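Engineer: The structure under discussion is supplied below as structure tokens; questions concerning it will follow.
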Amino acid sequence: MTYVIINALTPIFVIMILGFWAGKAKMVDNQNVSLLNIFVMDFALPAALFSATVKTPWSGIVHQGSLIVILTLSMWIAYAAMYFIATKGFKKSPQDSAVLTLTVALPNYAALGLPILGSVFGGSSATSLAVAVSIACGSVLMTPFCLLILEREKSRAAGTAQGSTLSMLPVLMWRSFKKPIVLGPLLGVVLSAIGLHMPHIVLHAIKPLGIAATGAALFLTGVILSARKLTINKAVIVSFLIKNLIQPFIAWGLIVIFGIQPQVAVTAILMIALSAGFFGVVFGNRFGVQSPDAEATLLLSSALCIVTLPLFLSLTSGMMH
């Protein structure tokens, strides 16, 4: 099982190291990655997320209702707790806190979900469906929180914010939901819900973009990291502990409360136990927000996932018997 985890994590580190090297060697301007960020955030990732959600049958999404509830609540609880700790405990700005919190709350479903679940349940269509549902949960129900905060602070900095956050909410929600990174998967879910099947030629046309998405995002993350001096401080350690240890136990507690059946329970715990995802770092870069702690958390969480993930694989092994 350790081999499976190492095998799943290796591409993440290799691609980020390549991006890091490209930035350090000045092959890529690591101080100005806006073009690469636009490709990742506005084209590649939206195409990948749209394809994943539009091809997921609505009946399958409904059938995975209990998984959606556990994943969503686990992410929301971790997000609220981490944002409070970041702003009140570590006195971070709302923008920095939003980026760090999304890094902690949103697991790396896209890169790690299929290899890890496949090693436990096999490469069945049910496994692929669970991963697709997890990706949809993260992109549609989690990322808008970060975008709302970043959009609000951007408006305040530009002097265009008027009134309270609550009064600004409709405008902020519109700005967030019209972004391709949210609109893509949301449109996919809506089309799936109304039973509209996309023509094969459309999905085939955007498939190359989707294939490039994870690799490009990891490469971009490496380039961004190459411009920073990362340190492991108290905020990074707390973030790592919340992501890799506390959040999976939050999911476990919710499973006990709701009485979730074993296979869904194991799926939910393992998906939440995955290492931190790259969305927070990439989002922050798009809005000009530097969060060295989020970047260090991403690295620490990914590196130590090789220790924490086997722990939850072991703890959940008895659930299936």
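Naming scheme: A, B, ... for chains in displayed order of the structure tokens; residues 1 onward per chain; ligands 1 onward as shown.
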Counting only C-alpha atoms, what are the residues of range 43-89 of chain A within 9 Å of range 257-270 of chain A, and for each of them which pair of atoms is the nearest and at what distance in Å, to one decimal? Sort the table by chain and rising number, as a Markdown table.

Structural biologist:
| residue | atom | partner | partner_atom | distance |
| --- | --- | --- | --- | --- |
| A:Gln64 | CA | A:Val264 | CA | 8.2 |
| A:Ser66 | CA | A:Ile260 | CA | 7.1 |
| A:Leu67 | CA | A:Val264 | CA | 6.1 |
| A:Ile68 | CA | A:Ala268 | CA | 8.6 |
| A:Ile70 | CA | A:Ala268 | CA | 6.7 |
| A:Leu71 | CA | A:Ala268 | CA | 6.2 |

Engineer: Take the selection from the previous step and output its residues with C-alpha atoms, as a compact mmCIF listing (two decimals), in the first residue's frame.

Structural biologist:
# COMPACT_ATOMS: atom_id res chain seq x y z
CA GLN A 64 -23.74 9.52 -3.90
CA SER A 66 -24.39 10.70 1.56
CA LEU A 67 -20.80 11.00 0.25
CA ILE A 68 -21.52 14.56 -0.91
CA ILE A 70 -19.84 14.10 4.42
CA LEU A 71 -17.28 15.62 2.03

Engineer: So that I can see what lies close to Ala216 in chain A, please list as a ChimeraX atom specification the residues with an atom at most 12 Å from it, counting only C-alpha atoms and leaving out residues fewer than 5 positions away in the same chain.

Structural biologist: /A:11-12,15-16,18-19,33,35-41,43-45,48,111,208-211,221-223,278,282

Engineer: Measuring atom to atom with only C-alpha atoms, identify which of A:Ser192, A:Ser74, A:Ser291, A:Ser59 is nearest to Ala235 in chain A.

Structural biologist: A:Ser291

Engineer: Between A:Leu298, A:Gly188, A:Gly65, A:Ile306, which residue has the minimum interatomic distance to Asn7 in chain A, considering only C-alpha atoms?

Structural biologist: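 The shortest atom-to-atom distance to Asn7 in chain A comes from A:Ile306.
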
Engineer: Excluding same-chain residues fewer than 5 positions from Leu313 in chain A, what lies within 12 Å of it counting only C-alpha atoms, as a ChimeraX atom specification?

Structural biologist: /A:1-2,4-5,116-117,119-121,248,265-274,305-308,318-320

Engineer: Next, dump the selected residues to file, keeping only N, CA, C and O atoms, as an mmCIF file, in the first residue's frame.

Structural biologist:
data_model
loop_
_atom_site.group_PDB
_atom_site.id
_atom_site.type_symbol
_atom_site.label_atom_id
_atom_site.label_comp_id
_atom_site.auth_asym_id
_atom_site.auth_seq_id
_atom_site.Cartn_x
_atom_site.Cartn_y
_atom_site.Cartn_z
ATOM 1 N N MET A 1 0.818 -1.211 0.000
ATOM 2 C CA MET A 1 0.000 0.000 0.000
ATOM 3 C C MET A 1 0.857 1.268 0.000
ATOM 4 O O MET A 1 0.534 2.266 -0.624
ATOM 5 N N THR A 2 1.992 1.193 0.717
ATOM 6 C CA THR A 2 2.903 2.344 0.718
ATOM 7 C C THR A 2 3.392 2.638 -0.694
ATOM 8 O O THR A 2 3.510 3.805 -1.084
ATOM 9 N N VAL A 4 1.723 2.145 -3.440
ATOM 10 C CA VAL A 4 0.623 2.796 -4.163
ATOM 11 C C VAL A 4 0.619 4.297 -3.870
ATOM 12 O O VAL A 4 0.462 5.128 -4.773
ATOM 13 N N ILE A 5 0.816 4.653 -2.595
ATOM 14 C CA ILE A 5 0.804 6.065 -2.196
ATOM 15 C C ILE A 5 1.997 6.802 -2.802
ATOM 16 O O ILE A 5 1.861 7.900 -3.340
ATOM 17 N N ILE A 116 -5.669 6.272 -5.166
ATOM 18 C CA ILE A 116 -5.862 5.778 -3.801
ATOM 19 C C ILE A 116 -7.139 4.951 -3.688
ATOM 20 O O ILE A 116 -7.127 3.830 -3.158
ATOM 21 N N LEU A 117 -8.253 5.477 -4.187
ATOM 22 C CA LEU A 117 -9.506 4.706 -4.120
ATOM 23 C C LEU A 117 -9.415 3.440 -4.968
ATOM 24 O O LEU A 117 -9.940 2.385 -4.595
ATOM 25 N N SER A 119 -6.852 1.622 -5.441
ATOM 26 C CA SER A 119 -6.073 0.605 -4.737
ATOM 27 C C SER A 119 -6.898 -0.114 -3.680
ATOM 28 O O SER A 119 -6.600 -1.243 -3.300
ATOM 29 N N VAL A 120 -7.954 0.534 -3.208
ATOM 30 C CA VAL A 120 -8.807 -0.052 -2.162
ATOM 31 C C VAL A 120 -10.002 -0.788 -2.760
ATOM 32 O O VAL A 120 -10.305 -1.923 -2.376
ATOM 33 N N PHE A 121 -10.681 -0.157 -3.724
ATOM 34 C CA PHE A 121 -11.916 -0.724 -4.266
ATOM 35 C C PHE A 121 -11.768 -1.278 -5.684
ATOM 36 O O PHE A 121 -12.715 -1.856 -6.224
ATOM 37 N N PRO A 248 -9.714 14.500 8.520
ATOM 38 C CA PRO A 248 -10.241 13.136 8.360
ATOM 39 C C PRO A 248 -11.030 12.647 9.572
ATOM 40 O O PRO A 248 -12.025 11.934 9.416
ATOM 41 N N ALA A 265 -18.454 5.338 3.820
ATOM 42 C CA ALA A 265 -17.676 5.864 4.944
ATOM 43 C C ALA A 265 -16.183 5.802 4.648
ATOM 44 O O ALA A 265 -15.456 6.788 4.839
ATOM 45 N N VAL A 266 -15.721 4.655 4.169
ATOM 46 C CA VAL A 266 -14.294 4.496 3.846
ATOM 47 C C VAL A 266 -13.903 5.450 2.729
ATOM 48 O O VAL A 266 -12.852 6.115 2.789
ATOM 49 N N THR A 267 -14.749 5.553 1.704
ATOM 50 C CA THR A 267 -14.479 6.465 0.584
ATOM 51 C C THR A 267 -14.334 7.897 1.074
ATOM 52 O O THR A 267 -13.379 8.603 0.715
ATOM 53 N N ALA A 268 -15.266 8.344 1.911
ATOM 54 C CA ALA A 268 -15.254 9.722 2.403
ATOM 55 C C ALA A 268 -14.006 10.011 3.236
ATOM 56 O O ALA A 268 -13.345 11.037 3.044
ATOM 57 N N ILE A 269 -13.675 9.095 4.158
ATOM 58 C CA ILE A 269 -12.517 9.316 5.026
ATOM 59 C C ILE A 269 -11.226 9.375 4.212
ATOM 60 O O ILE A 269 -10.374 10.250 4.413
ATOM 61 N N LEU A 270 -11.075 8.445 3.259
ATOM 62 C CA LEU A 270 -9.845 8.411 2.462
ATOM 63 C C LEU A 270 -9.735 9.620 1.540
ATOM 64 O O LEU A 270 -8.634 10.159 1.337
ATOM 65 N N MET A 271 -10.856 10.071 0.996
ATOM 66 C CA MET A 271 -10.808 11.256 0.128
ATOM 67 C C MET A 271 -10.435 12.511 0.919
ATOM 68 O O MET A 271 -9.648 13.344 0.473
ATOM 69 N N ILE A 272 -10.989 12.635 2.117
ATOM 70 C CA ILE A 272 -10.675 13.790 2.956
ATOM 71 C C ILE A 272 -9.240 13.703 3.486
ATOM 72 O O ILE A 272 -8.580 14.728 3.727
ATOM 73 N N ALA A 273 -8.725 12.471 3.652
ATOM 74 C CA ALA A 273 -7.370 12.267 4.192
ATOM 75 C C ALA A 273 -6.274 12.533 3.155
ATOM 76 O O ALA A 273 -5.088 12.493 3.492
ATOM 77 N N LEU A 274 -6.643 12.798 1.902
ATOM 78 C CA LEU A 274 -5.644 13.109 0.876
ATOM 79 C C LEU A 274 -4.930 14.413 1.228
ATOM 80 O O LEU A 274 -5.446 15.234 1.986
ATOM 81 N N CYS A 305 2.011 13.094 3.648
ATOM 82 C CA CYS A 305 0.851 12.257 3.310
ATOM 83 C C CYS A 305 1.254 10.784 3.242
ATOM 84 O O CYS A 305 0.449 9.890 3.481
ATOM 85 N N ILE A 306 2.522 10.542 2.962
ATOM 86 C CA ILE A 306 3.031 9.174 2.877
ATOM 87 C C ILE A 306 2.995 8.495 4.254
ATOM 88 O O ILE A 306 3.016 7.267 4.356
ATOM 89 N N VAL A 307 2.900 9.297 5.324
ATOM 90 C CA VAL A 307 2.788 8.760 6.682
ATOM 91 C C VAL A 307 1.339 8.755 7.162
ATOM 92 O O VAL A 307 0.860 7.775 7.739
ATOM 93 N N THR A 308 0.617 9.887 6.922
ATOM 94 C CA THR A 308 -0.733 10.024 7.468
ATOM 95 C C THR A 308 -1.778 9.213 6.707
ATOM 96 O O THR A 308 -2.716 8.682 7.314
ATOM 97 N N GLY A 318 -10.906 -2.135 8.846
ATOM 98 C CA GLY A 318 -11.875 -2.976 9.543
ATOM 99 C C GLY A 318 -13.324 -2.643 9.217
ATOM 100 O O GLY A 318 -14.222 -3.450 9.485
ATOM 101 N N MET A 319 -13.564 -1.470 8.630
ATOM 102 C CA MET A 319 -14.946 -1.068 8.327
ATOM 103 C C MET A 319 -15.598 -1.939 7.259
ATOM 104 O O MET A 319 -16.824 -2.068 7.209
ATOM 105 N N MET A 320 -14.774 -2.490 6.360
ATOM 106 C CA MET A 320 -15.305 -3.221 5.222
ATOM 107 C C MET A 320 -15.611 -4.685 5.551
ATOM 108 O O MET A 320 -16.089 -5.422 4.715
#

Engineer: Could you check which of A:Ile17, A:Ala227, A:Ala205, A:Ile181 is closest to Asp42 in chain A, using only C-alpha atoms?

Structural biologist: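 Using only C-alpha atoms, the shortest distance to Asp42 in chain A belongs to A:Ile181.
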
Engineer: So which residues touch Pro144 in chain A within 8 Å, counting only C-alpha atoms, skipping near sequence neighbours fewer than 5 positions away, as a ChimeraX atom specification?

Structural biologist: /A:139,173,176-177,182

Engineer: How about saving the chosen residues, N, CA, C and O atoms kept, as a JSON list (two decimals), in the first residue's frame?

Structural biologist:
[["chain", "number", "residue", "atom", "x", "y", "z"],
["A", 139, "SER", "N", -15.06, 21.83, -6.32],
["A", 139, "SER", "CA", -15.06, 22.97, -7.24],
["A", 139, "SER", "C", -16.33, 23.81, -7.15],
["A", 139, "SER", "O", -16.27, 25.04, -7.26],
["A", 173, "MET", "N", -21.08, 37.07, -5.31],
["A", 173, "MET", "CA", -21.44, 35.71, -5.76],
["A", 173, "MET", "C", -21.46, 35.65, -7.28],
["A", 173, "MET", "O", -20.98, 34.68, -7.88],
["A", 176, "SER", "N", -17.95, 35.57, -8.57],
["A", 176, "SER", "CA", -17.31, 34.28, -8.29],
["A", 176, "SER", "C", -17.83, 33.19, -9.22],
["A", 176, "SER", "O", -17.05, 32.43, -9.80],
["A", 177, "PHE", "N", -19.15, 33.11, -9.36],
["A", 177, "PHE", "CA", -19.75, 32.02, -10.11],
["A", 177, "PHE", "C", -19.59, 32.15, -11.62],
["A", 177, "PHE", "O", -19.72, 31.18, -12.35],
["A", 182, "VAL", "N", -15.32, 27.98, -11.68],
["A", 182, "VAL", "CA", -16.56, 27.60, -10.99],
["A", 182, "VAL", "C", -17.65, 27.30, -12.01],
["A", 182, "VAL", "O", -18.39, 26.32, -11.88]]

Engineer: What's the separation between CA of Leu102 in chain A and CA of Thr143 in chain A, in Å to one decimal place?

Structural biologist: 7.2 Å

Engineer: Can you list every residue in range 81-258 of chain A that DSSP puts in alpha helix (DSSP H), as a ChimeraX atom specification?

Structural biologist: /A:81-84,94-105,109-121,125-141,143-158,165-177,180-193,200-226,234-241,247-258

Engineer: When distances are computed from only C-alpha atoms, which of A:Lys88, A:Tyr79, A:Val190, A:Leu245 shows the smallest separation from Leu100 in chain A?

Structural biologist: A:Tyr79
